[in-house]
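Have a look at run.cif; it's mmCIF, C-alpha atoms:
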data_coords
loop_
_atom_site.label_atom_id
_atom_site.label_comp_id
_atom_site.auth_asym_id
_atom_site.auth_seq_id
_atom_site.Cartn_x
_atom_site.Cartn_y
_atom_site.Cartn_z
CA MET A 9 0.00 0.00 0.00
CA PHE A 10 2.90 2.41 0.62
CA GLN A 11 4.09 1.68 -2.89
CA LYS A 12 1.20 3.81 -4.19
CA LEU A 13 2.49 6.77 -2.21
CA ALA A 14 5.98 6.27 -3.63
CA LEU A 15 4.65 6.03 -7.18
CA SER A 16 2.53 9.16 -6.73
CA GLU A 17 5.53 11.07 -5.40
CA MET A 18 7.72 9.88 -8.22
CA ALA A 19 5.12 11.06 -10.71
CA ALA A 20 4.75 14.39 -8.91
CA LEU A 21 8.51 14.89 -8.98
CA GLY A 22 8.81 13.87 -12.63
CA ALA A 23 10.88 10.81 -11.82
CA THR A 24 8.65 8.03 -13.12
CA THR A 25 11.50 6.20 -14.80
CA LEU A 26 13.46 5.72 -11.59
CA PRO A 27 13.52 2.12 -10.43
CA LEU A 28 11.74 1.35 -7.19
CA LEU A 29 12.98 -1.07 -4.56
CA VAL A 30 10.00 -2.59 -2.77
CA VAL A 31 10.11 -4.09 0.72
CA GLN A 32 7.03 -6.03 1.76
CA HIS A 33 4.87 -4.39 4.45
CA PRO A 34 4.72 -4.64 7.43
CA LEU A 35 8.30 -4.49 8.61
CA GLY A 36 7.53 -3.30 12.13
CA GLY A 37 6.76 -6.25 14.42
CA GLU A 38 8.72 -8.71 12.29
CA ARG A 39 11.02 -11.12 14.11
CA PRO A 40 14.77 -10.81 13.34
CA ASP A 41 14.71 -13.77 10.92
CA GLY A 42 11.84 -12.14 9.02
CA VAL A 43 13.72 -8.85 8.85
CA SER A 44 16.80 -10.70 7.56
CA ARG A 45 14.68 -12.33 4.87
CA ARG A 46 13.33 -8.95 3.77
CA ALA A 47 16.84 -7.51 3.75
CA ALA A 48 18.08 -10.36 1.56
CA GLN A 49 15.19 -9.82 -0.85
CA ALA A 50 15.96 -6.09 -0.92
CA VAL A 51 19.63 -6.70 -1.70
CA GLU A 52 18.63 -9.11 -4.46
CA GLN A 53 16.30 -6.48 -5.93
CA LEU A 54 18.98 -3.83 -5.62
CA GLY A 55 21.37 -6.00 -7.56
CA SER A 56 18.84 -6.43 -10.37
CA LEU A 57 18.00 -2.72 -10.38
CA LEU A 58 21.64 -1.67 -10.54
CA GLY A 59 22.25 -4.12 -13.36
CA ALA A 60 19.21 -2.98 -15.32
CA PRO A 61 19.77 -0.82 -18.40
CA MET B 6 8.36 19.19 -11.92
CA SER B 7 4.92 18.49 -13.30
CA GLN B 8 2.45 21.21 -12.41
CA THR B 9 -1.04 21.67 -13.73
CA GLU B 10 -2.05 25.29 -14.23
CA ALA B 11 -5.38 26.14 -12.64
CA THR B 12 -7.80 27.68 -15.08
CA PRO B 13 -11.15 29.07 -13.92
CA ARG B 14 -14.16 27.40 -15.54
CA GLU B 15 -17.68 28.73 -15.74
CA LEU B 16 -20.23 26.09 -14.78
CA GLU B 17 -24.00 26.32 -14.37
CA LEU B 18 -24.50 24.12 -11.30
CA ASP B 19 -26.49 24.50 -8.14
CA GLU B 20 -24.58 24.27 -4.88
CA ALA B 21 -25.73 20.71 -4.16
CA ALA B 22 -24.44 19.61 -7.55
CA VAL B 23 -21.12 21.32 -6.89
CA TYR B 24 -20.82 19.42 -3.61
CA ASP B 25 -21.61 16.13 -5.34
CA GLU B 26 -19.01 16.85 -7.99
CA PHE B 27 -16.36 17.80 -5.44
CA VAL B 28 -17.02 14.59 -3.51
CA ARG B 29 -16.81 12.58 -6.72
CA ARG B 30 -13.45 14.14 -7.55
CA GLY B 31 -12.10 13.69 -4.02
CA TRP B 32 -11.75 17.43 -3.47
CA CYS B 33 -13.25 17.67 0.00
CA ASP B 34 -13.30 16.11 3.44
CA GLY B 35 -16.74 14.53 3.08
CA LEU B 36 -18.68 17.43 4.56
CA PRO B 37 -20.57 19.92 2.39
CA ILE B 38 -18.42 22.73 1.02
CA VAL B 39 -19.02 26.34 0.05
CA PRO B 40 -18.47 26.50 -3.73
CA PRO B 41 -15.36 28.62 -4.40
CA THR B 42 -16.77 31.15 -6.83
CA PRO B 43 -14.39 33.82 -8.16
CA GLU B 44 -16.18 36.48 -6.07
CA ARG B 45 -15.78 34.50 -2.86
CA VAL B 46 -12.13 33.73 -3.55
CA GLN B 47 -11.52 37.40 -4.35
CA ALA B 48 -13.09 38.42 -1.04
CA MET B 49 -10.52 36.24 0.74
CA LEU B 50 -7.63 37.58 -1.31
CA ALA B 51 -8.69 41.18 -0.61
CA THR B 52 -7.80 40.73 3.07
CA VAL B 53 -4.07 40.30 2.38
CA SER B 54 -1.51 42.21 0.34
CA ALA B 55 0.16 39.10 -1.08
CA ASP B 56 0.03 38.41 -4.81
CA PRO B 57 -2.47 35.56 -5.38
CA ALA B 58 0.00 33.76 -7.62
CA ARG B 59 2.82 34.03 -5.10
CA PRO B 60 4.38 30.60 -4.59
CA LEU B 61 4.83 29.71 -0.94
CA GLY B 62 6.60 26.43 -1.45
CA LEU B 63 6.02 22.85 -2.51
CA MET B 64 3.53 21.02 -0.33
CA PRO B 65 4.10 17.32 0.36
CA PRO B 66 3.46 14.52 -0.18
CA LEU B 67 2.71 15.31 -3.83
CA TRP B 68 5.01 18.37 -3.81
CA ARG B 69 2.56 20.66 -5.55
CA GLU B 70 3.12 24.38 -5.68
CA CYS B 71 1.21 26.05 -2.89
CA THR B 72 0.06 29.55 -3.82
CA VAL B 73 -1.88 32.22 -1.97
CA GLU B 74 -4.81 31.73 -4.35
CA LYS B 75 -4.99 27.97 -3.80
CA ILE B 76 -5.16 28.57 -0.07
CA ALA B 77 -7.94 31.12 -0.63
CA VAL B 78 -9.97 28.62 -2.66
CA ASN B 79 -9.82 26.05 0.11
CA THR B 80 -10.54 28.68 2.75
CA VAL B 81 -13.77 29.54 0.93
CA MET B 82 -14.67 25.85 0.67
CA ALA B 83 -14.21 25.44 4.43
CA GLY B 84 -16.82 28.09 5.19
CA CYS B 85 -14.44 30.75 6.52
CA LEU B 86 -15.25 34.43 6.71
CA PRO B 87 -12.80 36.58 4.73
CA GLU B 88 -11.29 37.99 7.93
CA TYR B 89 -10.09 34.50 8.80
CA PHE B 90 -7.96 34.26 5.68
CA PRO B 91 -4.77 35.92 7.04
CA VAL B 92 -4.77 33.28 9.80
CA VAL B 93 -5.07 30.39 7.35
CA LEU B 94 -2.36 31.91 5.16
CA ALA B 95 0.09 32.35 8.05
CA ALA B 96 -0.69 28.86 9.33
CA THR B 97 0.02 27.32 5.94
CA GLN B 98 3.31 29.17 5.72
CA ALA B 99 4.23 27.83 9.16
CA LEU B 100 3.43 24.29 8.02
CA LEU B 101 5.81 24.68 5.09
CA GLU B 102 8.78 25.56 7.30
CA PRO B 103 11.26 22.65 7.38
CA ALA B 104 11.15 22.34 11.18
CA PHE B 105 7.49 21.29 10.99
CA ASN B 106 8.36 18.32 8.75
CA LEU B 107 5.07 18.45 6.88
CA TYR B 108 6.04 15.45 4.75
CA GLY B 109 6.21 13.31 7.86
CA VAL B 110 3.01 14.74 9.27
CA GLN B 111 1.11 14.21 6.02
CA ALA B 112 2.30 10.73 5.11
CA THR B 113 2.76 9.01 8.48
CA THR B 114 0.71 6.13 9.85
CA HIS B 115 0.40 8.09 13.14
CA PRO B 116 -2.88 9.99 13.68
CA VAL B 117 -1.19 13.40 13.87
CA ALA B 118 -3.00 16.57 12.82
CA PRO B 119 -1.63 20.11 12.87
CA LEU B 120 -3.16 21.93 15.84
CA LEU B 121 -3.50 25.67 15.19
CA VAL B 122 -3.27 27.95 18.24
CA LEU B 123 -4.06 31.61 17.60
CA ASN B 124 -2.73 34.18 20.07
CA GLY B 125 -3.01 37.96 20.14
CA PRO B 126 -5.82 40.49 19.84
CA LEU B 127 -6.98 39.05 16.52
CA ALA B 128 -8.18 35.88 18.22
CA GLU B 129 -10.90 37.69 20.12
CA ARG B 130 -11.71 39.93 17.15
CA ILE B 131 -12.54 37.00 14.87
CA GLY B 132 -14.11 34.86 17.60
CA MET B 133 -11.46 32.18 17.94
CA HIS B 134 -12.92 30.40 20.92
CA SER B 135 -10.77 29.53 23.92
CA GLY B 136 -13.42 28.79 26.55
CA SER B 137 -15.74 25.88 27.35
CA GLY B 138 -15.53 23.12 24.77
CA CYS B 139 -12.86 24.91 22.75
CA PHE B 140 -11.61 21.67 21.15
CA GLY B 141 -15.17 20.78 20.13
CA PRO B 142 -17.97 22.04 17.89
CA GLY B 143 -19.98 25.25 17.97
CA PHE B 144 -17.57 28.00 16.97
CA ARG B 145 -17.26 29.13 13.40
CA ALA B 146 -13.73 30.51 13.53
CA ASN B 147 -12.34 27.37 15.19
CA ALA B 148 -14.30 24.95 13.02
CA THR B 149 -13.72 26.56 9.65
CA ILE B 150 -10.13 27.74 10.09
CA GLY B 151 -9.11 24.26 11.21
CA ARG B 152 -11.08 22.77 8.34
CA ALA B 153 -9.43 25.12 5.84
CA ILE B 154 -6.02 23.83 6.92
CA ARG B 155 -7.19 20.26 6.36
CA LEU B 156 -8.60 21.05 2.91
CA VAL B 157 -5.32 22.71 1.91
CA LEU B 158 -3.41 19.64 3.11
CA MET B 159 -5.66 17.38 1.07
CA ASN B 160 -6.24 19.41 -2.09
CA VAL B 161 -2.86 21.12 -2.44
CA GLY B 162 -0.58 18.63 -0.70
CA GLY B 163 -2.48 15.55 -1.82
CA GLY B 164 -2.91 14.12 1.67
CA TRP B 165 -5.89 11.89 0.97
CA PRO B 166 -6.51 9.17 3.55
CA GLY B 167 -5.35 5.75 2.42
CA ARG B 168 -3.63 7.09 -0.67
CA HIS B 169 -1.00 9.55 0.46
CA ASP B 170 -2.08 10.21 4.04
CA MET B 171 -1.18 6.79 5.38
CA ALA B 172 -2.65 7.20 8.90
CA THR B 173 -3.66 3.76 10.11
CA GLN B 174 -6.81 5.07 11.81
CA GLY B 175 -6.63 8.84 11.47
CA SER B 176 -8.37 10.99 14.05
CA PRO B 177 -11.31 13.34 14.44
CA ALA B 178 -8.73 16.14 14.85
CA LYS B 179 -8.01 15.73 11.16
CA PHE B 180 -11.36 17.38 10.36
CA SER B 181 -10.52 20.54 12.27
CA PHE B 182 -8.07 21.33 15.08
CA ALA B 183 -7.89 25.00 16.00
CA ILE B 184 -8.22 26.92 19.26
CA GLY B 185 -7.39 30.22 20.89
CA GLU B 186 -5.77 30.71 24.28
CA ALA B 187 -7.76 32.04 27.24
CA GLU B 188 -5.28 34.87 27.64
CA GLY B 189 -7.63 36.89 29.84
CA VAL B 190 -7.81 34.27 32.57
CA SER B 191 -4.34 32.78 32.29
CA PRO B 192 -2.09 33.52 35.27
CA TRP B 193 0.91 33.61 32.93
CA ALA B 194 1.95 35.35 29.74
CA PRO B 195 0.39 33.80 26.61
CA LEU B 196 1.97 30.99 24.63
CA HIS B 197 3.26 33.25 21.85
CA VAL B 198 5.01 35.55 24.34
CA SER B 199 6.79 32.52 25.78
CA ARG B 200 7.99 31.84 22.25
CA GLY B 201 9.52 35.29 21.77
CA PHE B 202 6.71 37.41 20.39
CA THR B 203 5.04 40.45 21.99
CA ALA B 204 1.57 40.26 23.49
CA GLU B 205 0.24 42.67 20.83
CA GLN B 206 1.37 40.50 17.93
CA ASN B 207 -1.05 38.09 16.32
CA VAL B 208 0.67 34.73 16.05
CA VAL B 209 -0.29 31.25 14.91
CA THR B 210 1.51 28.31 16.42
CA MET B 211 1.26 25.07 14.48
CA TYR B 212 1.84 21.90 16.48
CA GLY B 213 1.75 18.38 15.06
CA GLY B 214 -0.29 16.69 17.73
CA GLU B 215 -2.55 13.84 18.65
CA PRO B 216 -6.09 14.68 19.75
CA PRO B 217 -6.20 16.00 23.35
CA HIS B 218 -5.67 13.44 26.13
CA ASN B 219 -7.80 14.26 29.16
CA VAL B 220 -6.30 15.10 32.56
CA ASN B 221 -8.95 14.65 35.25
CA ASP B 222 -8.10 16.04 38.66
CA HIS B 223 -11.09 17.00 40.80
CA VAL B 224 -9.27 16.83 44.11
CA GLY B 225 -5.84 18.40 43.64
CA THR B 226 -5.24 21.55 45.64
CA THR B 227 -1.56 21.95 44.87
CA ALA B 228 0.56 22.50 41.79
CA ALA B 229 2.39 19.24 42.34
CA GLY B 230 -0.84 17.32 42.75
CA ILE B 231 -2.30 18.48 39.45
CA LEU B 232 0.96 18.35 37.53
CA ASN B 233 1.62 14.79 38.67
CA ASN B 234 -1.58 13.87 36.85
CA VAL B 235 -0.49 15.85 33.81
CA ALA B 236 2.85 14.03 33.79
CA ASP B 237 1.18 10.66 34.19
CA VAL B 238 -1.11 11.26 31.22
CA ALA B 239 1.89 12.38 29.17
CA ALA B 240 4.09 9.38 29.96
CA THR B 241 2.55 6.29 28.37
CA LEU B 242 4.28 3.39 26.69
CA GLY B 243 2.16 3.60 23.55
CA SER B 244 2.89 7.26 22.94
CA ASN B 245 5.03 8.41 20.02
CA VAL B 246 6.66 11.07 22.18
CA GLY B 247 10.25 10.33 23.14
CA TRP B 248 11.19 7.79 20.52
CA TYR B 249 12.67 10.30 18.06
CA PHE B 250 13.96 12.21 21.02
CA SER B 251 15.28 15.42 19.51
CA GLN B 252 11.94 16.30 17.89
CA SER B 253 9.62 15.24 20.67
CA GLN B 254 7.43 17.85 22.36
CA LEU B 255 4.48 17.94 24.71
CA LEU B 256 1.74 20.57 24.74
CA VAL B 257 -0.01 21.01 28.08
CA VAL B 258 -3.35 22.81 27.79
CA LEU B 259 -4.36 23.67 31.32
CA GLY B 260 -7.97 24.40 32.13
CA PRO B 261 -8.29 27.80 33.84
CA GLU B 262 -9.15 26.26 37.23
CA HIS B 263 -6.15 23.96 37.19
CA ALA B 264 -3.96 26.86 36.03
CA ALA B 265 -5.21 29.04 38.88
CA THR B 266 -4.49 26.34 41.46
CA ILE B 267 -0.99 25.80 40.07
CA ALA B 268 -0.24 29.52 39.96
CA SER B 269 -1.57 30.05 43.49
CA ASP B 270 1.10 27.61 44.64
CA GLY B 271 3.66 30.06 43.28
CA PHE B 272 4.45 28.21 40.06
CA THR B 273 5.58 30.23 37.07
CA ARG B 274 5.25 28.86 33.54
CA GLU B 275 8.90 27.83 33.74
CA ASP B 276 8.16 25.90 36.92
CA VAL B 277 5.33 24.06 35.17
CA GLN B 278 7.63 23.20 32.28
CA ARG B 279 10.39 22.01 34.60
CA PHE B 280 7.99 19.94 36.72
CA VAL B 281 6.46 18.17 33.74
CA PHE B 282 9.89 17.63 32.18
CA GLU B 283 11.13 16.03 35.39
CA HIS B 284 8.03 13.88 36.03
CA ALA B 285 6.79 12.85 32.57
CA ARG B 286 9.25 9.98 32.42
CA LEU B 287 9.30 6.24 32.04
CA PRO B 288 11.80 3.72 33.43
CA LEU B 289 14.18 2.18 30.91
CA GLY B 290 12.90 -1.30 31.74
CA ARG B 291 9.35 -0.29 30.83
CA LEU B 292 10.38 1.47 27.64
CA LYS B 293 11.90 -1.82 26.52
CA LEU B 294 8.45 -3.45 26.55
CA GLY B 295 7.08 -1.86 23.42
CA GLY B 296 6.37 1.37 21.63
CA MET B 297 9.25 1.86 19.23
CA TRP B 298 11.95 0.08 21.21
CA GLY B 299 14.76 -0.92 18.86
CA ILE B 300 13.93 1.66 16.22
CA HIS B 301 14.23 4.65 18.53
CA ASP B 302 16.59 7.55 17.99
CA TRP B 303 18.08 8.63 21.30
CA PRO B 304 21.09 10.78 22.20
CA LEU B 305 24.22 8.94 23.25
CA TRP B 306 23.80 9.56 26.96
CA MET B 307 20.40 7.83 26.93
CA GLN B 308 21.67 4.93 24.84
CA LYS B 309 24.35 4.30 27.46
CA VAL B 310 21.95 4.00 30.41
CA THR B 311 21.91 0.44 31.79
CA ASP B 312 19.92 0.86 35.02
CA GLU B 313 16.47 -0.58 34.20
CA SER B 314 14.87 1.62 36.83
CA ALA B 315 16.40 4.87 35.50
CA MET B 316 13.62 7.34 34.70
CA LEU B 317 14.22 8.66 31.20
CA PRO B 318 12.74 11.92 29.90
CA LEU B 319 10.39 12.06 26.94
CA VAL B 320 11.50 15.43 25.60
CA PRO B 321 14.95 17.02 25.36
CA SER B 322 14.40 19.95 27.73
CA PRO B 323 11.78 21.86 29.77
CA ASP B 324 11.43 24.22 26.79
CA ASP B 325 9.94 21.30 24.87
CA VAL B 326 6.98 21.30 27.22
CA LEU B 327 4.70 23.96 25.76
CA VAL B 328 2.16 25.37 28.21
CA MET B 329 -1.03 27.29 27.51
CA VAL B 330 -4.42 27.88 29.14
CA ALA B 331 -7.78 27.16 27.50
CA GLY B 332 -11.19 25.84 28.42
CA GLY B 333 -14.07 26.78 30.69
CA PRO B 334 -15.11 25.96 34.24
CA GLY B 335 -14.22 22.49 35.49
CA LYS B 336 -11.35 20.40 36.72
CA HIS B 337 -10.01 19.14 33.41
CA SER B 338 -6.91 19.86 31.40
CA ALA B 339 -5.34 18.16 28.41
CA VAL B 340 -2.03 16.88 27.15
CA VAL B 341 -1.46 16.99 23.40
CA PRO B 342 1.49 14.70 22.61
CA ASN B 343 3.29 15.44 19.38
CA CYS B 344 4.08 12.87 16.72
CA THR B 345 7.80 12.74 17.64
CA PHE B 346 9.01 13.94 14.24
CA SER B 347 7.82 17.53 14.01
CA ARG B 348 8.62 20.73 15.89
CA ALA B 349 6.07 23.45 16.67
CA VAL B 350 6.39 26.50 14.44
CA SER B 351 5.04 29.96 15.27
CA ARG B 352 4.48 32.73 12.76
CA VAL B 353 3.10 36.27 12.82
CA VAL B 354 -0.21 36.77 11.01
CA ASP B 355 0.66 39.44 8.47
CA GLY B 356 -1.64 42.38 7.96
CA ALA B 357 -4.13 41.36 10.62
#
So that I can check it, write out the structure of this file as structure tokens.
Amino acid sequence: MFQKLALSEMAALGATTLPLLVVQHPLGGERPDGVSRRAAQAVEQLGSLLGAP
Amino acid sequence: MSQTEATPRELELDEAAVYDEFVRRGWCDGLPIVPPTPERVQAMLATVSADPARPLGLMPPLWRECTVEKIAVNTVMAGCLPEYFPVVLAATQALLEPAFNLYGVQATTHPVAPLLVLNGPLAERIGMHSGSGCFGPGFRANATIGRAIRLVLMNVGGGWPGRHDMATQGSPAKFSFAIGEAEGVSPWAPLHVSRGFTAEQNVVTMYGGEPPHNVNDHVGTTAAGILNNVADVAATLGSNVGWYFSQSQLLVVLGPEHAATIASDGFTREDVQRFVFEHARLPLGRLKLGGMWGIHDWPLWMQKVTDESAMLPLVPSPDDVLVMVAGGPGKHSAVVPNCTFSRAVSRVVDGA
């Protein structure tokens, strides 16, 4: 749901082509192993985004 | 930056149809609006010297240009009288100051709403109520000025609930949140004087707060007795205050009877601030049970505390306990905790 806010802001700021790294909500209340899993997914995404044309 | 120029359009619609259309487009808060005809908007603009097209800044979260005219349009929609407009304009300018962190206030999951406090002679002149039920309904200046701020935040900033205003539950204070101070019955100088202005200046103070939390004390006959209750209401584990320490503030709105009792014990405003600062605290061991433990942002000296029973403050200094007097007869006061990521901003109402 927070992704919509990010997309709206990107559009408002004229940055629609910027890649977006998405972390699944909610993060608050997650146990450490869940946070680690999200972090690993984020790093994986970041790698793909940095390698994208 | 993508900006859409506003162009006036002539439409033949009755007022009910205008309301329906505004609801359909998501341009209002759900309540009926006053259609912003050019004449009505002009009447607002005539009360200030500012150029209607003057840009005041980009308003988050959609970072749209906020102009004097856009504020006037929303002020009409809220049902304000033209003489209220300088207040709404000054308040909006205060919200756009970096210290207020309007992006955080607009987009957070916390139920924060900007509380507008109007001090100075203008408050009485326009009927900004500061007596019985001042946080509630019944007073046009309070209701419509607070509503105008909300409409600006929604229509200019784009803070629509569930889309860009991400408040989990929101709050009734998001409809309207505006009061005056009962300066005539306060035993101390008004809030704006404590913040460096003169008593004759008209000043808005914008404070990113939760709805008022009640302080009930029907038996206290001393300053310490009443202020212990105030401190207890302020210091709760579920509060946002204290977690982002450097930006945390508390607003204490004392009812006139409580204020009189406190002052009769010899307390100055500074004494009230110091007392609440020293007593609105939680032990480290309790803070570890919830709230935002683990994602908090504390100064080094607090991070290094190891004694579980150490009573830690919620705000950085006594100056971060704002004190004012409002309300009518009765033994109630209120604490308005801030959202922990915004600082109160005061600004003179130009031309009023």
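If all atoms listed in the file are the atoms counted, then among B:Leu120, B:Ala229, B:Leu67, B:Leu319 the closest residue to B:Ser244 is B:Leu319.
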query = Which residue gives the smallest distance to B:Gly162 among A:Glu17, A:Gly36, A:Ala60, A:Thr24, with all atoms listed in the file counted?
reply =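 With all atoms listed in the file as the atom set, the closest residue is A:Glu17.
One distance worth recording is that between atom CA of B:Met316 and atom CA of B:Glu262, which is 29.7 Å.
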Contact residues (chain A, partner chain B, 6 Å, all atoms listed in the file) as a PyMOL selection string = chain A and resi 13+17+20-22
Shell of 7 Å around B:Ile184, only C-alpha atoms, local chain residues under 6 positions omitted, as a VMD selection string = chain B and resid 121 to 123 133 to 135 139 to 140 147
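Straight-line separation from atom CA of B:Gly271 to atom CA of B:Val208: 27.8 Å.
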ask   = Could you name the residues that touch A:Ala50 at 10 Å or less, counting only C-alpha atoms, but leaving out those on the same chain fewer than 3 positions away, as an NGL selection string?
value = :A and (29-32 or 44-47 or 53-56)
task = Check which residues satisfy the PyMOL selection byres ((chain B and resi 32) around 12) in the file shown, then give them as a ChimeraX atom specification.
result = /B:23-31,33-38,40-41,78-79,82-83,155-165
message = If we count all atoms listed in the file and set the cut-off at 10 Å, which residues sit around B:Val257, ignoring sequence neighbours fewer than 2 positions away in its own chain? Please answer as a PyMOL selection string.
response = chain B and resi 217-218+220+232+235-236+239+254-255+259-260+277-278+281+326-331+338-342
inquiry  = Just to confirm, what's the straight-line distance from atom CA of B:Arg274 to atom CA of B:Ala104 in Å (one decimal)?
reply    =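 Distance between the two atoms: 24.0 Å.
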Hits from the PyMOL selection byres ((chain A and resi 28) around 9), listed as a PDB file with C-alpha atoms, keeping the file's coordinate frame:
ATOM      1  CA  GLN A  11       4.090   1.680  -2.890  1.00  0.00           C
ATOM      2  CA  ALA A  14       5.980   6.270  -3.630  1.00  0.00           C
ATOM      3  CA  LEU A  15       4.650   6.030  -7.180  1.00  0.00           C
ATOM      4  CA  LEU A  26      13.460   5.720 -11.590  1.00  0.00           C
ATOM      5  CA  PRO A  27      13.520   2.120 -10.430  1.00  0.00           C
ATOM      6  CA  LEU A  29      12.980  -1.070  -4.560  1.00  0.00           C
ATOM      7  CA  VAL A  30      10.000  -2.590  -2.770  1.00  0.00           C
ATOM      8  CA  LEU A  57      18.000  -2.720 -10.380  1.00  0.00           C
TER       9      LEU A  57
END
ask   = Using all atoms listed in the file, can you list as a PyMOL selection string the residues within 12 Å of (13.9, 20.4, 7.7)?
value = chain B and resi 100-109+252+346-348+350
Is there a way to complete stretch 37-51 of chain A with N, CA and C atoms and then write that out as an mmCIF file, in the frame of the given file?
data_model
loop_
_atom_site.group_PDB
_atom_site.id
_atom_site.type_symbol
_atom_site.label_atom_id
_atom_site.label_comp_id
_atom_site.auth_asym_id
_atom_site.auth_seq_id
_atom_site.Cartn_x
_atom_site.Cartn_y
_atom_site.Cartn_z
ATOM 1 N N GLY A 37 7.375 -5.075 13.794
ATOM 2 C CA GLY A 37 6.760 -6.250 14.420
ATOM 3 C C GLY A 37 7.309 -7.555 13.893
ATOM 4 N N GLU A 38 8.110 -7.477 12.827
ATOM 5 C CA GLU A 38 8.720 -8.710 12.290
ATOM 6 C C GLU A 38 9.792 -9.231 13.249
ATOM 7 N N ARG A 39 9.929 -10.543 13.326
ATOM 8 C CA ARG A 39 11.020 -11.120 14.110
ATOM 9 C C ARG A 39 12.328 -10.969 13.318
ATOM 10 N N PRO A 40 13.475 -11.033 14.013
ATOM 11 C CA PRO A 40 14.770 -10.810 13.340
ATOM 12 C C PRO A 40 14.962 -11.656 12.086
ATOM 13 N N ASP A 41 14.493 -12.942 12.121
ATOM 14 C CA ASP A 41 14.710 -13.770 10.920
ATOM 15 C C ASP A 41 13.867 -13.246 9.752
ATOM 16 N N GLY A 42 12.689 -12.722 10.069
ATOM 17 C CA GLY A 42 11.840 -12.140 9.020
ATOM 18 C C GLY A 42 12.469 -10.883 8.443
ATOM 19 N N VAL A 43 13.056 -10.073 9.307
ATOM 20 C CA VAL A 43 13.720 -8.850 8.850
ATOM 21 C C VAL A 43 14.904 -9.221 7.954
ATOM 22 N N SER A 44 15.640 -10.259 8.372
ATOM 23 C CA SER A 44 16.800 -10.700 7.560
ATOM 24 C C SER A 44 16.347 -11.156 6.174
ATOM 25 N N ARG A 45 15.198 -11.858 6.158
ATOM 26 C CA ARG A 45 14.680 -12.330 4.870
ATOM 27 C C ARG A 45 14.334 -11.134 3.964
ATOM 28 N N ARG A 46 13.675 -10.155 4.562
ATOM 29 C CA ARG A 46 13.330 -8.950 3.770
ATOM 30 C C ARG A 46 14.589 -8.252 3.256
ATOM 31 N N ALA A 47 15.591 -8.179 4.145
ATOM 32 C CA ALA A 47 16.840 -7.510 3.750
ATOM 33 C C ALA A 47 17.491 -8.244 2.578
ATOM 34 N N ALA A 48 17.477 -9.575 2.649
ATOM 35 C CA ALA A 48 18.080 -10.360 1.560
ATOM 36 C C ALA A 48 17.326 -10.123 0.256
ATOM 37 N N GLN A 49 15.982 -10.083 0.356
ATOM 38 C CA GLN A 49 15.190 -9.820 -0.850
ATOM 39 C C GLN A 49 15.496 -8.429 -1.415
ATOM 40 N N ALA A 50 15.683 -7.472 -0.476
ATOM 41 C CA ALA A 50 15.960 -6.090 -0.920
ATOM 42 C C ALA A 50 17.310 -6.028 -1.628
ATOM 43 N N VAL A 51 18.298 -6.708 -1.079
ATOM 44 C CA VAL A 51 19.630 -6.700 -1.700
ATOM 45 C C VAL A 51 19.568 -7.345 -3.086
#
